[in-house]
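Novice: Sharing coords03.cif below, mmCIF, C-alpha atoms:
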```
data_start
#
loop_
_atom_site.label_atom_id
_atom_site.label_comp_id
_atom_site.auth_asym_id
_atom_site.auth_seq_id
_atom_site.Cartn_x
_atom_site.Cartn_y
_atom_site.Cartn_z
CA MET W 27 83.62 64.14 -104.70
CA LYS W 28 80.56 65.26 -102.76
CA ASN W 29 78.05 62.79 -101.41
CA ARG W 30 74.69 62.62 -99.66
CA ILE W 31 75.60 59.91 -97.16
CA GLU W 32 75.01 62.00 -94.03
CA GLU W 33 71.72 63.40 -95.34
CA ILE W 34 70.38 59.96 -96.32
CA ARG W 35 71.64 58.33 -93.13
CA ARG W 36 70.03 61.00 -90.92
CA THR W 37 66.75 60.83 -92.87
CA ARG W 38 66.62 57.11 -92.17
CA GLY W 39 67.56 57.51 -88.51
CA ILE W 40 70.71 55.42 -88.68
CA ARG W 41 73.60 56.20 -86.30
CA GLN W 42 77.17 56.40 -87.63
CA GLU W 43 78.20 53.41 -85.49
CA GLU W 44 75.40 51.23 -86.90
CA PHE W 45 76.13 52.31 -90.45
CA ALA W 46 79.87 51.69 -90.00
CA ARG W 47 79.21 48.22 -88.62
CA ALA W 48 76.90 47.39 -91.55
CA MET W 49 79.56 48.57 -94.02
CA GLY W 50 82.39 46.73 -92.21
CA VAL W 51 84.40 49.94 -91.73
CA SER W 52 85.30 52.13 -88.75
CA ARG W 53 83.10 55.00 -87.54
CA GLN W 54 85.95 57.39 -88.42
CA THR W 55 85.75 56.22 -92.04
CA ILE W 56 82.04 57.07 -92.17
CA SER W 57 82.79 60.45 -90.62
CA SER W 58 85.54 61.11 -93.20
CA LEU W 59 83.23 60.06 -96.03
CA GLU W 60 80.47 62.36 -94.81
CA THR W 61 82.75 65.38 -94.52
CA GLY W 62 84.29 64.63 -97.94
CA ARG W 63 87.82 64.16 -96.59
CA TYR W 64 87.99 60.64 -98.01
CA ASN W 65 86.56 59.19 -101.22
CA PRO W 66 85.54 55.53 -101.04
CA SER W 67 86.67 52.72 -103.32
CA ILE W 68 84.19 51.68 -105.98
CA PHE W 69 83.50 48.55 -103.90
CA LEU W 70 82.54 50.55 -100.79
CA ALA W 71 80.56 53.04 -102.90
CA TYR W 72 78.50 50.17 -104.32
CA LYS W 73 78.03 48.71 -100.86
CA ILE W 74 76.81 52.06 -99.48
CA ALA W 75 74.43 52.66 -102.41
CA ARG W 76 73.07 49.13 -102.13
CA PHE W 77 72.58 49.53 -98.36
CA PHE W 78 70.39 52.60 -98.96
CA ASP W 79 68.68 50.86 -101.90
CA LEU W 80 69.80 53.67 -104.22
CA THR W 81 72.11 53.97 -107.22
CA ILE W 82 75.69 55.24 -106.86
CA GLU W 83 74.73 58.43 -108.74
CA GLU W 84 72.00 59.14 -106.21
CA VAL W 85 74.47 58.93 -103.32
CA PHE W 86 77.70 60.28 -104.85
CA LEU W 87 77.79 63.51 -106.82
CA PHE W 88 80.46 63.37 -109.51
CA GLU W 89 82.44 66.58 -110.11
CA GLU W 90 84.66 66.91 -113.17
CA SER W 91 87.28 68.94 -111.25
CA GLY W 92 87.71 66.43 -108.37
CA ASP W 93 91.10 64.72 -108.19
CA GLY W 94 89.81 61.56 -106.52
CA THR W 95 91.55 61.70 -103.13
CA MET Z 29 98.30 36.70 -89.75
CA ASN Z 30 95.84 34.59 -87.76
CA ASN Z 31 95.84 34.92 -84.01
CA ASN Z 32 97.27 31.48 -83.18
CA ARG Z 33 100.23 32.12 -85.45
CA ARG Z 34 100.70 35.53 -83.82
CA LEU Z 35 100.72 33.91 -80.38
CA ILE Z 36 103.33 31.37 -81.51
CA HIS Z 37 105.47 34.18 -83.02
CA SER Z 38 105.22 36.16 -79.77
CA ALA Z 39 106.27 33.17 -77.67
CA LEU Z 40 109.21 32.54 -80.05
CA GLU Z 41 110.28 36.18 -79.81
CA ILE Z 42 110.26 35.98 -76.01
CA LEU Z 43 112.24 32.71 -76.07
CA ILE Z 44 114.85 34.01 -78.53
CA GLY Z 45 115.15 37.28 -76.56
CA ALA Z 46 115.57 35.42 -73.27
CA ALA Z 47 118.14 33.10 -74.86
CA LEU Z 48 120.13 36.11 -76.10
CA ILE Z 49 120.08 37.69 -72.64
CA VAL Z 50 121.21 34.44 -70.98
CA PHE Z 51 123.92 33.96 -73.63
CA VAL Z 52 125.35 37.47 -73.07
CA LYS Z 53 125.24 37.03 -69.27
CA LEU Z 54 127.00 33.64 -69.43
CA THR Z 55 129.69 34.65 -71.96
CA ASP Z 56 130.07 38.31 -70.97
CA GLY Z 57 129.34 39.10 -74.62
CA ASP Z 58 128.56 42.29 -76.54
CA SER Z 59 125.90 44.51 -74.94
CA VAL Z 60 124.30 45.01 -78.37
CA TRP Z 61 122.96 41.44 -78.12
CA LEU Z 62 121.69 42.19 -74.62
CA GLY Z 63 119.74 45.18 -75.94
CA MET Z 64 118.40 43.16 -78.84
CA GLY Z 65 117.33 40.37 -76.46
CA GLY Z 66 115.58 42.83 -74.18
CA ALA Z 67 113.78 44.43 -77.12
CA LEU Z 68 112.65 41.02 -78.41
CA VAL Z 69 111.29 40.05 -74.98
CA ALA Z 70 109.45 43.39 -74.65
CA VAL Z 71 107.94 43.27 -78.17
CA GLY Z 72 107.03 39.59 -77.74
CA ALA Z 73 105.36 40.28 -74.39
CA VAL Z 74 103.25 43.13 -75.82
CA GLN Z 75 102.27 41.02 -78.85
CA LEU Z 76 101.41 38.09 -76.58
CA PHE Z 77 99.24 40.32 -74.39
CA LEU Z 78 97.42 41.73 -77.43
CA GLY Z 79 96.98 38.23 -78.88
CA LEU Z 80 95.49 36.91 -75.65
CA ARG Z 81 93.21 39.95 -75.40
CA TYR Z 82 92.10 39.35 -79.01
CA ARG Z 83 91.17 35.80 -78.06
CA ALA Z 84 89.30 36.70 -74.88
CA ASP Z 85 87.64 40.06 -75.67
CA ALA Z 86 84.98 39.92 -78.44
CA ASP Z 87 84.63 43.73 -78.62
CA TYR Z 88 88.38 44.20 -79.02
CA ARG Z 89 88.42 41.41 -81.64
CA GLU Z 90 85.71 43.10 -83.72
CA ARG Z 91 87.40 46.50 -83.41
CA THR Z 92 90.78 45.08 -84.41
CA ASP Z 93 89.34 43.16 -87.38
CA THR Z 94 87.47 46.27 -88.59
CA GLU Z 95 90.58 48.43 -88.26
CA ALA Z 96 92.66 45.87 -90.14
CA SER Z 97 90.23 45.60 -93.06
CA ASP Z 98 89.06 49.23 -93.06
CA GLU Z 99 89.88 50.66 -96.50
CA ARG Z 100 90.53 54.19 -95.23
CA ASN Z 101 92.99 52.77 -92.72
CA GLN Z 102 94.75 50.85 -95.51
CA PHE Z 103 94.83 54.03 -97.60
CA ILE Z 104 96.32 55.98 -94.67
CA ARG Z 105 98.90 53.23 -94.04
CA SER Z 106 100.07 53.26 -97.66
CA ARG Z 107 100.17 57.09 -97.70
CA ALA Z 108 102.23 57.04 -94.49
CA TRP Z 109 104.74 54.68 -96.16
CA VAL Z 110 104.91 57.05 -99.15
CA TRP Z 111 105.67 59.97 -96.82
CA ALA Z 112 108.20 57.91 -94.86
CA GLY Z 113 109.98 56.79 -98.05
CA THR Z 114 110.01 60.29 -99.52
CA GLY Z 115 111.28 61.73 -96.22
CA PHE Z 116 114.01 59.11 -95.99
CA VAL Z 117 115.25 59.82 -99.53
CA LEU Z 118 115.18 63.60 -99.02
CA VAL Z 119 116.90 63.54 -95.61
CA GLY Z 120 119.36 60.89 -96.80
CA GLY Z 121 120.22 62.99 -99.87
CA VAL Z 122 120.83 66.10 -97.77
CA MET Z 123 122.91 64.14 -95.23
CA THR Z 124 125.03 62.68 -98.04
CA VAL Z 125 125.92 66.17 -99.24
CA VAL Z 126 126.46 67.50 -95.70
CA PHE Z 127 128.77 64.62 -94.72
CA GLN Z 128 130.68 65.01 -97.98
CA ILE Z 129 131.22 68.74 -97.27
CA LEU Z 130 132.32 67.92 -93.70
CA GLY Z 131 134.83 65.43 -95.08
CA LYS Z 132 133.12 62.40 -93.50
CA ARG Z 133 133.36 60.23 -96.59
CA ASP Z 134 132.33 56.96 -94.90
CA TYR Z 135 129.10 58.47 -93.55
CA ALA Z 136 128.41 60.16 -96.89
CA THR Z 137 128.87 56.84 -98.69
CA LEU Z 138 126.60 55.08 -96.20
CA CYS Z 139 123.83 57.68 -96.61
CA GLY Z 140 124.24 57.69 -100.39
CA CYS Z 141 124.00 53.89 -100.51
CA GLY Z 142 120.86 53.98 -98.35
CA VAL Z 143 119.20 56.48 -100.67
CA SER Z 144 120.28 54.58 -103.81
CA LEU Z 145 119.02 51.29 -102.38
CA THR Z 146 115.65 52.86 -101.50
CA VAL Z 147 115.28 54.29 -105.03
CA LEU Z 148 116.29 50.91 -106.48
CA PHE Z 149 113.65 49.14 -104.32
CA TYR Z 150 111.10 51.72 -105.49
CA TRP Z 151 111.82 51.00 -109.15
CA LEU Z 152 111.77 47.23 -108.64
CA SER Z 153 108.45 47.49 -106.76
CA TYR Z 154 107.09 49.76 -109.50
CA LEU Z 155 108.02 47.25 -112.23
CA ILE Z 156 106.49 44.33 -110.31
CA LEU Z 157 103.28 46.22 -109.48
CA LYS Z 158 103.01 47.48 -113.08
CA LYS Z 159 102.91 43.88 -114.26
CA LYS Z 160 100.49 42.86 -111.54
CA TYR Z 161 97.89 45.61 -112.13
#
```
Mind converting the file's structure to structure tokens?
Specialist:
Amino acid sequence: MKNRIEEIRRTRGIRQEEFARAMGVSRQTISSLETGRYNPSIFLAYKIARFFDLTIEEVFLFEESGDGT
Amino acid sequence: MNNNRRLIHSALEILIGAALIVFVKLTDGDSVWLGMGGALVAVGAVQLFLGLRYRADADYRERTDTEASDERNQFIRSRAWVWAGTGFVLVGGVMTVVFQILGKRDYATLCGCGVSLTVLFYWLSYLILKKKY
């Protein structure tokens, strides 16, 4: 599943470390999310969308062919 | 596990390990117990050091807590167990056949039992988790 985390984070001038701390995850997790190597749980996806004050659909781009992991 | 409990566990490991070493030295017992005692002391000492560092160093505490609760880390840990289990069953299966061909029946039986037990644990875990989720 693709996402716009990096784009939104950069637009708002937030560093990966700050974002990771706010989400309660490691910086490596943010990096993996941004490069699409790891898909978040629904809980973390909600948390990320809420942090940016956006909906999940605005942050995560659903693709029918994605296998989820 | 909270940190105080971890510290107590570490201290107990060191005590049990030291007791084993003393016991073997006094009775001239089996060196297996000596090795086990040494390993317990070493593991306990490392755990104790990490526990004390967790208590004293706020940065380390935050990093450790984040790593422990990090969902990607948990995902990686469970995937690693899946790989380890699959590897064990595959290697164990091959070793069973190889030992059987070489005429080492005891080893073949041991490997076969290990593989069977792992598969049995898998099915039991599957049934329990299926009910839970």
Novice: Can you find the residues with an atom no farther than 12 Å from (82.1, 53.5, -90.1), counting all atoms listed in the file, and report them as an MDAnalysis selection string?
Specialist: (chainID W and resid 31:32 35 40:60 66 70 74) or (chainID Z and resid 91 94:95 97:101)
Novice: Please, what distance in Å, to one decimal, runs between CA of Cys141 (chain Z) and CA of Val110 (chain Z)?
Specialist: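 Atom-to-atom, CA of Cys141 (chain Z) to CA of Val110 (chain Z), that is 19.4 Å.
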Novice: Using the chain letters and numbers from this file, what does the PyMOL selection byres ((chain Z and resi 64-73) around 9) select? Give the answer as a list in words.
Specialist: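 Selected by the PyMOL selection byres ((chain Z and resi 64-73) around 9) here: Leu35, His37, Ser38, Ala39, Leu40, Glu41, Ile42, Leu43, Ile44, Gly45, Ala46, Ala47, Leu48, Ile49, Val50, Ser59, Val60, Trp61, Leu62, Gly63, Val74, Gln75, Leu76, Phe77 and Leu78 of chain Z.
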Novice: Name the residues that the PyMOL selection byres ((chain W and resi 87) around 9) picks from the file above, as a VMD selection string, using the file's chain letters and numbers.
Specialist: chain W and resid 27 to 30 82 to 86 88 to 89
Novice: Selected residues, C-alpha atoms, written as a PDB file, in the frame of the given file, please.
Specialist:
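Result saved to selection.pdb:
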```pdb
ATOM      1  CA  MET W  27      83.620  64.140-104.700  1.00  0.00           C
ATOM      2  CA  LYS W  28      80.560  65.260-102.760  1.00  0.00           C
ATOM      3  CA  ASN W  29      78.050  62.790-101.410  1.00  0.00           C
ATOM      4  CA  ARG W  30      74.690  62.620 -99.660  1.00  0.00           C
ATOM      5  CA  ILE W  82      75.690  55.240-106.860  1.00  0.00           C
ATOM      6  CA  GLU W  83      74.730  58.430-108.740  1.00  0.00           C
ATOM      7  CA  GLU W  84      72.000  59.140-106.210  1.00  0.00           C
ATOM      8  CA  VAL W  85      74.470  58.930-103.320  1.00  0.00           C
ATOM      9  CA  PHE W  86      77.700  60.280-104.850  1.00  0.00           C
ATOM     10  CA  PHE W  88      80.460  63.370-109.510  1.00  0.00           C
ATOM     11  CA  GLU W  89      82.440  66.580-110.110  1.00  0.00           C
TER      12      GLU W  89
END
```
